[in-house]
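What follows is structure_22.pdb (PDB, C-alpha atoms).
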```pdb
ATOM      1  CA  MET I  20      87.487  77.210 195.607
ATOM      2  CA  THR I  21      88.787  73.863 194.471
ATOM      3  CA  GLU I  22      87.672  71.667 191.668
ATOM      4  CA  HIS I  23      85.924  69.488 194.261
ATOM      5  CA  ASP I  24      83.411  72.235 194.909
ATOM      6  CA  HIS I  25      81.665  71.244 191.708
ATOM      7  CA  ASP I  26      78.467  69.359 192.208
ATOM      8  CA  HIS I  27      79.646  66.157 190.616
ATOM      9  CA  ASP I  28      77.157  63.468 189.880
ATOM     10  CA  HIS I  29      79.190  60.382 190.585
ATOM     11  CA  GLY I  30      76.394  58.209 189.335
ATOM     12  CA  HIS I  31      77.228  58.748 185.672
ATOM     13  CA  ASP I  32      80.208  58.478 183.377
ATOM     14  CA  HIS I  33      82.812  61.015 184.348
ATOM     15  CA  GLY I  34      83.847  61.613 180.774
ATOM     16  CA  HIS I  35      87.549  62.103 181.389
ATOM     17  CA  ALA I  36      87.977  61.977 177.638
ATOM     18  CA  HIS I  37      86.656  65.543 177.568
ATOM     19  CA  HIS I  38      89.463  66.876 179.724
ATOM     20  CA  PRO I  39      91.732  69.092 177.618
ATOM     21  CA  ALA I  40      95.497  68.745 177.303
ATOM     22  CA  PRO I  41      97.438  69.871 180.393
ATOM     23  CA  LEU I  42      98.188  73.562 180.630
ATOM     24  CA  ALA I  43     101.712  74.237 179.378
ATOM     25  CA  PRO I  44     103.827  76.620 181.532
ATOM     26  CA  ILE I  45     104.108  79.177 178.734
ATOM     27  CA  GLU I  46     100.389  79.073 178.087
ATOM     28  CA  ALA I  47      99.749  79.623 181.812
ATOM     29  CA  ARG I  48     102.212  82.523 181.826
ATOM     30  CA  VAL I  49     100.432  84.220 178.924
ATOM     31  CA  ALA I  50      97.106  83.769 180.712
ATOM     32  CA  ALA I  51      98.671  85.347 183.816
ATOM     33  CA  ILE I  52      99.926  88.351 181.852
ATOM     34  CA  GLU I  53      96.447  88.864 180.453
ATOM     35  CA  ALA I  54      94.954  88.532 183.940
ATOM     36  CA  VAL I  55      97.214  91.176 185.486
ATOM     37  CA  LEU I  56      96.688  93.584 182.592
ATOM     38  CA  ARG I  57      92.940  93.150 182.899
ATOM     39  CA  GLU I  58      93.079  93.588 186.681
ATOM     40  CA  ALA I  59      95.051  96.821 186.226
ATOM     41  CA  ASN I  60      92.559  98.005 183.598
ATOM     42  CA  VAL I  61      95.326  98.300 181.036
ATOM     43  CA  ILE I  62      93.750  96.127 178.377
ATOM     44  CA  ASP I  63      90.519  94.207 178.478
ATOM     45  CA  PRO I  64      89.816  90.839 176.849
ATOM     46  CA  GLU I  65      87.599  92.465 174.218
ATOM     47  CA  ALA I  66      90.517  94.583 172.975
ATOM     48  CA  VAL I  67      92.586  91.431 172.616
ATOM     49  CA  ASP I  68      89.702  89.637 170.900
ATOM     50  CA  SER I  69      89.296  92.429 168.384
ATOM     51  CA  VAL I  70      92.975  92.307 167.404
ATOM     52  CA  ILE I  71      92.743  88.531 166.891
ATOM     53  CA  GLU I  72      89.576  88.984 164.853
ATOM     54  CA  MET I  73      91.324  91.553 162.683
ATOM     55  CA  PHE I  74      94.241  89.279 161.914
ATOM     56  CA  GLU I  75      92.076  86.235 161.316
ATOM     57  CA  HIS I  76      89.634  87.922 158.995
ATOM     58  CA  THR I  77      90.745  91.268 157.626
ATOM     59  CA  MET I  78      94.469  91.170 156.992
ATOM     60  CA  GLY I  79      96.005  88.779 154.553
ATOM     61  CA  PRO I  80      97.601  88.301 151.164
ATOM     62  CA  MET I  81      94.284  88.997 149.429
ATOM     63  CA  ASN I  82      94.981  92.656 150.225
ATOM     64  CA  GLY I  83      98.459  92.638 148.736
ATOM     65  CA  ALA I  84      97.094  90.833 145.682
ATOM     66  CA  LYS I  85      94.760  93.756 145.015
ATOM     67  CA  VAL I  86      97.666  96.180 145.231
ATOM     68  CA  VAL I  87      99.664  94.102 142.753
ATOM     69  CA  ALA I  88      96.752  93.756 140.313
ATOM     70  CA  ARG I  89      96.112  97.504 140.409
ATOM     71  CA  ALA I  90      99.771  98.168 139.648
ATOM     72  CA  TRP I  91      99.565  95.789 136.675
ATOM     73  CA  VAL I  92      96.571  97.525 135.106
ATOM     74  CA  ASP I  93      97.314 101.137 136.017
ATOM     75  CA  PRO I  94     100.807 102.422 135.099
ATOM     76  CA  GLU I  95     100.341 105.644 137.033
ATOM     77  CA  TYR I  96      99.375 103.707 140.139
ATOM     78  CA  ARG I  97     102.429 101.492 139.654
ATOM     79  CA  GLU I  98     104.605 104.586 139.519
ATOM     80  CA  ARG I  99     103.088 105.990 142.737
ATOM     81  CA  LEU I 100     103.394 102.594 144.414
ATOM     82  CA  LEU I 101     107.073 102.213 143.623
ATOM     83  CA  ALA I 102     107.842 105.829 144.512
ATOM     84  CA  ASP I 103     106.159 105.730 147.925
ATOM     85  CA  GLY I 104     104.452 102.508 148.953
ATOM     86  CA  THR I 105     102.538 103.524 152.059
ATOM     87  CA  PRO I 106     100.195 106.175 150.572
ATOM     88  CA  ALA I 107      99.647 104.172 147.378
ATOM     89  CA  ILE I 108      98.638 101.140 149.430
ATOM     90  CA  ALA I 109      96.417 103.355 151.576
ATOM     91  CA  GLU I 110      94.572 104.398 148.395
ATOM     92  CA  LEU I 111      93.148 100.867 148.335
ATOM     93  CA  GLY I 112      92.222 101.095 152.014
ATOM     94  CA  PHE I 113      95.068  99.105 153.528
ATOM     95  CA  GLY I 114      97.195 100.410 156.367
ATOM     96  CA  GLY I 115      97.800 100.218 160.082
ATOM     97  CA  PRO I 116     100.424  98.684 162.330
ATOM     98  CA  GLU I 117     103.459  97.255 160.592
ATOM     99  CA  GLY I 118     102.483  98.960 157.374
ATOM    100  CA  ASP I 119     103.697 102.454 158.128
ATOM    101  CA  HIS I 120     106.780 102.455 155.938
ATOM    102  CA  MET I 121     106.099 100.246 152.981
ATOM    103  CA  VAL I 122     108.631  99.904 150.216
ATOM    104  CA  VAL I 123     107.488  98.053 147.103
ATOM    105  CA  VAL I 124     110.206  96.480 144.953
ATOM    106  CA  ALA I 125     109.418  95.403 141.395
ATOM    107  CA  ASN I 126     110.652  92.234 139.742
ATOM    108  CA  THR I 127     111.856  92.642 136.159
ATOM    109  CA  PRO I 128     113.263  90.183 133.628
ATOM    110  CA  GLU I 129     116.714  91.107 134.969
ATOM    111  CA  VAL I 130     116.040  91.415 138.701
ATOM    112  CA  HIS I 131     114.379  89.214 141.292
ATOM    113  CA  ASN I 132     113.560  90.533 144.765
ATOM    114  CA  LEU I 133     113.396  88.480 147.953
ATOM    115  CA  VAL I 134     112.169  89.679 151.343
ATOM    116  CA  VAL I 135     113.379  88.436 154.707
ATOM    117  CA  CYS I 136     113.642  89.651 158.278
ATOM    118  CA  THR I 137     116.962  88.402 159.568
ATOM    119  CA  LEU I 138     116.455  89.515 163.179
ATOM    120  CA  CYS I 139     112.910  88.472 163.895
ATOM    121  CA  SER I 140     109.790  88.343 161.779
ATOM    122  CA  CYS I 141     109.015  91.825 160.433
ATOM    123  CA  TYR I 142     106.330  91.514 157.813
ATOM    124  CA  PRO I 143     103.859  93.894 156.149
ATOM    125  CA  TRP I 144     100.735  92.921 158.086
ATOM    126  CA  PRO I 145      98.152  95.107 156.304
ATOM    127  CA  VAL I 146      98.932  93.631 152.885
ATOM    128  CA  LEU I 147     100.098  90.105 153.758
ATOM    129  CA  GLY I 148      98.632  89.315 157.188
ATOM    130  CA  LEU I 149     100.845  87.285 159.495
ATOM    131  CA  PRO I 150     103.959  85.553 158.170
ATOM    132  CA  PRO I 151     103.977  81.830 157.416
ATOM    133  CA  LYS I 152     105.862  79.600 159.826
ATOM    134  CA  TRP I 153     108.902  79.153 157.569
ATOM    135  CA  TYR I 154     109.384  82.928 157.343
ATOM    136  CA  LYS I 155     109.990  82.999 161.110
ATOM    137  CA  ALA I 156     112.330  79.999 161.071
ATOM    138  CA  PRO I 157     116.070  80.503 161.671
ATOM    139  CA  ALA I 158     116.922  78.585 158.472
ATOM    140  CA  TYR I 159     115.000  80.915 156.188
ATOM    141  CA  ARG I 160     116.202  84.024 157.983
ATOM    142  CA  SER I 161     119.859  83.141 157.596
ATOM    143  CA  ARG I 162     119.833  81.396 154.229
ATOM    144  CA  ALA I 163     117.888  84.121 152.428
ATOM    145  CA  VAL I 164     120.929  86.328 152.889
ATOM    146  CA  ARG I 165     123.725  83.755 152.715
ATOM    147  CA  GLU I 166     122.561  81.678 149.774
ATOM    148  CA  PRO I 167     119.387  83.127 148.266
ATOM    149  CA  ARG I 168     119.731  81.278 144.965
ATOM    150  CA  ALA I 169     120.007  77.876 146.623
ATOM    151  CA  LEU I 170     117.079  78.724 148.886
ATOM    152  CA  LEU I 171     114.939  79.880 145.969
ATOM    153  CA  ALA I 172     115.759  76.749 143.999
ATOM    154  CA  GLU I 173     114.740  74.592 146.950
ATOM    155  CA  MET I 174     111.507  76.515 147.316
ATOM    156  CA  GLY I 175     110.670  75.868 143.678
ATOM    157  CA  SER I 176     111.970  79.000 141.962
ATOM    158  CA  PRO I 177     115.429  78.412 140.514
ATOM    159  CA  LEU I 178     116.782  81.648 139.061
ATOM    160  CA  PRO I 179     118.522  81.820 135.695
ATOM    161  CA  ASP I 180     122.161  82.879 136.087
ATOM    162  CA  ASP I 181     121.556  86.184 134.315
ATOM    163  CA  VAL I 182     118.887  87.261 136.798
ATOM    164  CA  GLU I 183     120.225  89.339 139.653
ATOM    165  CA  VAL I 184     118.785  88.595 143.098
ATOM    166  CA  ARG I 185     118.252  91.419 145.545
ATOM    167  CA  VAL I 186     117.562  90.555 149.165
ATOM    168  CA  TRP I 187     115.651  93.063 151.283
ATOM    169  CA  ASP I 188     116.027  92.781 155.037
ATOM    170  CA  SER I 189     112.911  94.097 156.761
ATOM    171  CA  SER I 190     113.309  96.077 159.928
ATOM    172  CA  ALA I 191     111.232  97.782 162.550
ATOM    173  CA  GLU I 192     111.135 100.802 160.265
ATOM    174  CA  VAL I 193     110.704  99.428 156.761
ATOM    175  CA  ARG I 194     108.531  96.653 155.368
ATOM    176  CA  TYR I 195     108.969  95.328 151.847
ATOM    177  CA  LEU I 196     106.499  93.942 149.358
ATOM    178  CA  VAL I 197     107.550  92.368 146.074
ATOM    179  CA  LEU I 198     105.676  93.406 142.946
ATOM    180  CA  PRO I 199     105.838  90.283 140.776
ATOM    181  CA  GLU I 200     105.888  90.470 136.998
ATOM    182  CA  ARG I 201     102.517  90.242 135.314
ATOM    183  CA  PRO I 202     102.183  86.795 133.750
ATOM    184  CA  PRO I 203     102.086  86.629 129.952
ATOM    185  CA  ASN I 204      98.788  86.120 128.144
ATOM    186  CA  THR I 205      96.730  87.899 130.778
ATOM    187  CA  ALA I 206      95.723  90.924 128.718
ATOM    188  CA  ASP I 207      92.083  89.819 128.703
ATOM    189  CA  LEU I 208      91.783  89.396 132.452
ATOM    190  CA  SER I 209      89.986  91.869 134.702
ATOM    191  CA  GLU I 210      91.743  93.445 137.661
ATOM    192  CA  GLU I 211      89.857  91.091 139.957
ATOM    193  CA  GLU I 212      90.856  88.048 137.926
ATOM    194  CA  LEU I 213      94.459  89.231 137.968
ATOM    195  CA  ALA I 214      94.388  89.606 141.758
ATOM    196  CA  ALA I 215      93.315  85.978 142.029
ATOM    197  CA  LEU I 216      96.574  84.953 140.322
ATOM    198  CA  VAL I 217      98.799  86.684 142.871
ATOM    199  CA  THR I 218     100.175  84.490 145.647
ATOM    200  CA  ARG I 219     101.570  85.311 149.044
ATOM    201  CA  ASP I 220     104.840  83.608 148.160
ATOM    202  CA  ALA I 221     105.258  85.764 145.056
ATOM    203  CA  MET I 222     104.822  88.900 147.164
ATOM    204  CA  ILE I 223     107.529  87.662 149.574
ATOM    205  CA  GLY I 224     109.658  86.741 146.583
ATOM    206  CA  VAL I 225     110.108  83.016 147.149
ATOM    207  CA  GLN I 226     108.072  82.392 144.005
ATOM    208  CA  ARG I 227     109.170  84.110 140.792
ATOM    209  CA  VAL I 228     106.708  82.992 138.147
ATOM    210  CA  LEU I 229     102.954  83.248 138.589
TER     211      LEU I 229
ATOM    212  CA  MET Q  16     104.033 105.803 164.604
ATOM    213  CA  CYS Q  17     101.881 102.756 165.012
ATOM    214  CA  ASN Q  18      98.832 104.533 166.265
ATOM    215  CA  VAL Q  19      96.343 104.018 163.492
ATOM    216  CA  SER Q  20      93.064 102.910 164.991
ATOM    217  CA  PHE Q  21      91.712  99.470 164.200
ATOM    218  CA  GLU Q  22      88.758 101.013 162.431
ATOM    219  CA  ASP Q  23      91.113 102.163 159.708
ATOM    220  CA  TRP Q  24      92.069  98.642 158.777
ATOM    221  CA  THR Q  25      89.776  97.548 156.043
ATOM    222  CA  GLY Q  26      89.638  94.724 153.583
ATOM    223  CA  ASP Q  27      87.618  91.768 152.441
ATOM    224  CA  GLY Q  28      86.820  88.968 154.812
ATOM    225  CA  ALA Q  29      88.734  85.718 154.717
ATOM    226  CA  PRO Q  30      88.748  82.610 156.848
ATOM    227  CA  PRO Q  31      91.356  82.403 159.603
ATOM    228  CA  ARG Q  32      93.625  80.343 157.392
ATOM    229  CA  ASP Q  33      96.358  81.656 155.208
ATOM    230  CA  ASN Q  34      97.498  79.531 152.271
ATOM    231  CA  GLY Q  35      96.117  76.538 154.111
ATOM    232  CA  GLU Q  36      97.906  77.312 157.374
ATOM    233  CA  LEU Q  37      96.069  78.359 160.486
ATOM    234  CA  VAL Q  38      96.741  82.003 161.275
ATOM    235  CA  PHE Q  39      97.321  80.977 164.883
ATOM    236  CA  GLU Q  40      98.151  77.384 165.757
ATOM    237  CA  GLU Q  41      97.225  77.674 169.419
ATOM    238  CA  PRO Q  42      94.797  79.968 171.194
ATOM    239  CA  TRP Q  43      97.594  81.218 173.464
ATOM    240  CA  HIS Q  44      99.654  82.240 170.422
ATOM    241  CA  ALA Q  45      96.761  84.458 169.393
ATOM    242  CA  ARG Q  46      96.370  85.914 172.925
ATOM    243  CA  ALA Q  47     100.102  86.668 173.233
ATOM    244  CA  PHE Q  48     100.278  88.162 169.761
ATOM    245  CA  ALA Q  49      97.199  90.327 170.174
ATOM    246  CA  MET Q  50      98.134  91.511 173.666
ATOM    247  CA  ALA Q  51     101.390  92.951 172.342
ATOM    248  CA  VAL Q  52      99.579  94.755 169.532
ATOM    249  CA  ALA Q  53      96.833  96.029 171.857
ATOM    250  CA  LEU Q  54      99.322  97.124 174.515
ATOM    251  CA  VAL Q  55     101.516  99.078 172.120
ATOM    252  CA  GLU Q  56      98.385 100.727 170.754
ATOM    253  CA  LYS Q  57      97.003 101.499 174.202
ATOM    254  CA  LEU Q  58     100.254 102.992 175.521
ATOM    255  CA  ASP Q  59     100.905 104.762 172.203
ATOM    256  CA  LEU Q  60     104.370 103.262 171.967
ATOM    257  CA  PRO Q  61     106.388 102.831 168.808
ATOM    258  CA  TRP Q  62     106.246  99.240 167.649
ATOM    259  CA  SER Q  63     110.021  99.075 167.974
ATOM    260  CA  ASP Q  64     109.554  99.232 171.751
ATOM    261  CA  PHE Q  65     108.132  95.721 171.617
ATOM    262  CA  GLN Q  66     110.118  94.577 168.652
ATOM    263  CA  SER Q  67     113.543  95.313 170.074
ATOM    264  CA  ARG Q  68     112.682  92.999 172.973
ATOM    265  CA  LEU Q  69     111.515  90.307 170.571
ATOM    266  CA  ILE Q  70     114.703  90.594 168.527
ATOM    267  CA  ALA Q  71     116.860  90.354 171.648
ATOM    268  CA  GLY Q  72     114.898  87.343 172.890
ATOM    269  CA  ILE Q  73     115.234  85.508 169.592
ATOM    270  CA  ALA Q  74     118.949  86.290 169.472
ATOM    271  CA  ASP Q  75     119.410  84.944 173.012
ATOM    272  CA  ASP Q  76     117.650  81.681 172.260
ATOM    273  CA  PRO Q  77     117.340  81.147 168.501
ATOM    274  CA  ASP Q  78     115.838  77.675 168.750
ATOM    275  CA  ARG Q  79     113.102  78.564 171.193
ATOM    276  CA  GLU Q  80     109.592  78.265 169.817
ATOM    277  CA  TYR Q  81     108.682  81.551 168.141
ATOM    278  CA  TYR Q  82     105.657  82.400 170.257
ATOM    279  CA  GLU Q  83     107.578  81.609 173.455
ATOM    280  CA  SER Q  84     110.018  84.340 172.454
ATOM    281  CA  TRP Q  85     107.080  86.548 171.643
ATOM    282  CA  ALA Q  86     105.492  85.914 175.068
ATOM    283  CA  ALA Q  87     108.798  86.583 176.843
ATOM    284  CA  ALA Q  88     109.119  89.914 175.006
ATOM    285  CA  LEU Q  89     105.556  90.785 175.967
ATOM    286  CA  GLU Q  90     106.273  90.052 179.631
ATOM    287  CA  GLN Q  91     109.385  92.226 179.514
ATOM    288  CA  LEU Q  92     107.432  95.070 177.960
ATOM    289  CA  VAL Q  93     104.807  94.787 180.705
ATOM    290  CA  VAL Q  94     107.403  94.703 183.469
ATOM    291  CA  ASP Q  95     109.634  97.425 182.006
ATOM    292  CA  HIS Q  96     106.706  99.807 181.668
ATOM    293  CA  GLY Q  97     105.747  99.215 185.292
ATOM    294  CA  LEU Q  98     102.389  97.630 184.514
ATOM    295  CA  ALA Q  99     103.087  94.552 186.642
ATOM    296  CA  THR Q 100     105.950  92.818 188.361
ATOM    297  CA  ALA Q 101     107.190  89.360 187.462
ATOM    298  CA  ASP Q 102     106.085  88.259 190.936
ATOM    299  CA  ALA Q 103     102.567  89.530 190.349
ATOM    300  CA  ILE Q 104     102.441  87.606 187.070
ATOM    301  CA  THR Q 105     103.664  84.478 188.842
ATOM    302  CA  ALA Q 106     101.012  84.944 191.516
ATOM    303  CA  ALA Q 107      98.330  85.231 188.832
ATOM    304  CA  THR Q 108      99.433  82.100 186.983
ATOM    305  CA  PRO Q 109      96.552  79.652 186.659
ATOM    306  CA  THR Q 110      96.961  75.940 187.245
ATOM    307  CA  GLU Q 111      94.261  74.952 184.836
ATOM    308  CA  ARG Q 112      92.879  76.343 181.631
ATOM    309  CA  ALA Q 113      89.976  78.742 181.920
ATOM    310  CA  PRO Q 114      86.790  77.482 180.275
ATOM    311  CA  LEU Q 115      86.319  78.867 176.785
TER     312      LEU Q 115
END
```

Is it possible to give me this structure as structure tokens?
Amino acid sequence: MTEHDHDHDHGHDHGHAHHPAPLAPIEARVAAIEAVLREANVIDPEAVDSVIEMFEHTMGPMNGAKVVARAWVDPEYRERLLADGTPAIAELGFGGPEGDHMVVVANTPEVHNLVVCTLCSCYPWPVLGLPPKWYKAPAYRSRAVREPRALLAEMGSPLPDDVEVRVWDSSAEVRYLVLPERPPNTADLSEEELAALVTRDAMIGVQRVL
Amino acid sequence: MCNVSFEDWTGDGAPPRDNGELVFEEPWHARAFAMAVALVEKLDLPWSDFQSRLIAGIADDPDREYYESWAAALEQLVVDHGLATADAITAATPTERAPL
């Protein structure tokens, strides 16, 4: 069938303004891959939809923030979290793909941790969702290793000279999460209020002070 | 192994924006991303099976748009596991966008 099979009413405004942008080759290719996988009964559109739904609504830094807040209020939890991240994070109900081997690294007054994936875009999905655009950019991936202090300063977190910076390169096997320091004067806050203070950037390590 | 079922992923709801950024900028980014996750899950593959292809693709063409590298890695995974040939994918390529 061609587009001319439609029963056009040429008597009224055609409304070309409603026509969407042209289909880009890569977009067409992705649609083709989905079509052949559906045809072969390998994956159906609903399975793809449910993954998208999951990443748009269920996974994100609000999960990691809860982990951080729990570690701030519960020293035993903090100890479990730093000893073996994956099961401690699972205690709060977070887990799944890209969260199988979680290592949590704690900032201290002497040490600042920064997470990168130099080869691609490895990221702890269950606790942070999908990475921001800059995390996937070549500049961040190379500079985080080559000149982390300059990068941190540019991103708004200059480090004092006496603070050591440790850079953690994520891989297919290991995903890192930074445990930021609890801000001062927060003794009165509830765990939930504390979680609201925790940012995605602090858990990646590009922000030092909350 | 990355074979935890989706039902195990829990957490509070949030809009599809993350720190003000859209989770996916284009619908096809979301389709390509989710197909790789669903395919690895369905075939019970280690995530590294996909990821090694993504890493190689990014290394080959560092300035290519990220999701184009992702889509190329997905196609390679599909072809390498014998699920479709590149020719079959070409034959299935639409010339206009399907209605939403």

Output of the PyMOL selection byres ((chain I and resi 68) around 10), listed as a VMD selection string:
(chain I and resid 63 to 67 69 to 73) or (chain Q and resid 45 to 46 49 to 50 53)

Work out how far CA of Asp188 (chain I) is from CA of Val225 (chain I), in Å to one decimal.
13.9 Å

Considering all atoms listed in the file, state which residue in the set I:Tyr142, I:Pro157, I:Val123, I:Leu133 is at the smallest distance from chain Q.
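Closest candidate: I:Pro157.
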
Which one is closest to Pro203 (chain I): I:Ile52, I:Val130, I:Leu229, I:Ala158? Count all atoms listed in the file.
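Answer, going by the shortest atom-to-atom distance: I:Leu229.
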
Chain Q contacts on chain I, only C-alpha atoms, 6 Å, as a PyMOL selection string:
chain I and resi 42+46-48+51-52+67+70-71+75-77+112+114-116+138-139+191

I want to know what sits within 12 Å of region 210-218 of chain I, based on all atoms listed in the file, with residues of the same chain fewer than 6 positions away left out; could you give that as an NGL selection string?
(:I and (79-93 or 146-147 or 196-204 or 224-229)) or (:Q and (33-34))

In Å, rounded to a single decimal, give me how far CA of Ser209 (chain I) is from CA of Glu110 (chain I).
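Answer for the CA of Glu110 (chain I) to CA of Ser209 (chain I) separation: 19.1 Å.
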
Just to confirm, what's the straight-line distance from CA of Asp119 (chain I) to CA of Trp144 (chain I) in Å (one decimal)?
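Between CA of Asp119 (chain I) and CA of Trp144 (chain I) the gap is 10.0 Å.
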
Expansion of the PyMOL selection byres ((chain I and resi 104) around 9) into residues, as a list in words
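Answer for the PyMOL selection byres ((chain I and resi 104) around 9): Arg99, Leu100, Leu101, Ala102, Asp103, Thr105, Pro106, Ala107, Ile108, Ala109, His120, Met121, Val122, Val123, Tyr195 and Leu196 of chain I.
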
Taking the file as shown, find all residues satisfying the PyMOL selection byres ((chain I and resi 179) around 12) and write them as a list in words.
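Taken over the shown coordinates, the PyMOL selection byres ((chain I and resi 179) around 12) returns Pro128, Glu129, Val130, His131, Arg168, Ala169, Leu171, Ala172, Ser176, Pro177, Leu178, Asp180, Asp181, Val182, Glu183, Val184 and Arg227 of chain I.
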
Please produce a file of those selected residues containing C-alpha atoms, as a PDB file, in the frame of the given file.
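What follows is the written file out-v2.pdb:
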```pdb
ATOM      1  CA  PRO I 128     113.263  90.183 133.628  1.00  0.00           C
ATOM      2  CA  GLU I 129     116.714  91.107 134.969  1.00  0.00           C
ATOM      3  CA  VAL I 130     116.040  91.415 138.701  1.00  0.00           C
ATOM      4  CA  HIS I 131     114.379  89.214 141.292  1.00  0.00           C
ATOM      5  CA  ARG I 168     119.731  81.278 144.965  1.00  0.00           C
ATOM      6  CA  ALA I 169     120.007  77.876 146.623  1.00  0.00           C
ATOM      7  CA  LEU I 171     114.939  79.880 145.969  1.00  0.00           C
ATOM      8  CA  ALA I 172     115.759  76.749 143.999  1.00  0.00           C
ATOM      9  CA  SER I 176     111.970  79.000 141.962  1.00  0.00           C
ATOM     10  CA  PRO I 177     115.429  78.412 140.514  1.00  0.00           C
ATOM     11  CA  LEU I 178     116.782  81.648 139.061  1.00  0.00           C
ATOM     12  CA  ASP I 180     122.161  82.879 136.087  1.00  0.00           C
ATOM     13  CA  ASP I 181     121.556  86.184 134.315  1.00  0.00           C
ATOM     14  CA  VAL I 182     118.887  87.261 136.798  1.00  0.00           C
ATOM     15  CA  GLU I 183     120.225  89.339 139.653  1.00  0.00           C
ATOM     16  CA  VAL I 184     118.785  88.595 143.098  1.00  0.00           C
ATOM     17  CA  ARG I 227     109.170  84.110 140.792  1.00  0.00           C
TER      18      ARG I 227
END
```

Using all atoms listed in the file, which residues sit within 8 Å of Ser190 (chain I) once same-chain residues fewer than 2 positions away are excluded, as a compact mmCIF listing (two decimals) with C-alpha atoms, in the frame of the given file?
```
# COMPACT_ATOMS: atom_id res chain seq x y z
CA CYS I 136 113.64 89.65 158.28
CA LEU I 138 116.46 89.52 163.18
CA CYS I 141 109.02 91.82 160.43
CA ASP I 188 116.03 92.78 155.04
CA GLU I 192 111.14 100.80 160.26
CA VAL I 193 110.70 99.43 156.76
CA ARG I 194 108.53 96.65 155.37
```

Edge lengths and centre in Å to one decimal, as lines of an AutoDock Vina configuration file, is what I'm after for the box along x, y and z that holds all listed atoms of region 78-87 of chain Q once 5 Å is added on each side.
```
center_x = 110.7
center_y = 82.1
center_z = 172.5
size_x = 20.3
size_y = 18.9
size_z = 18.7
```
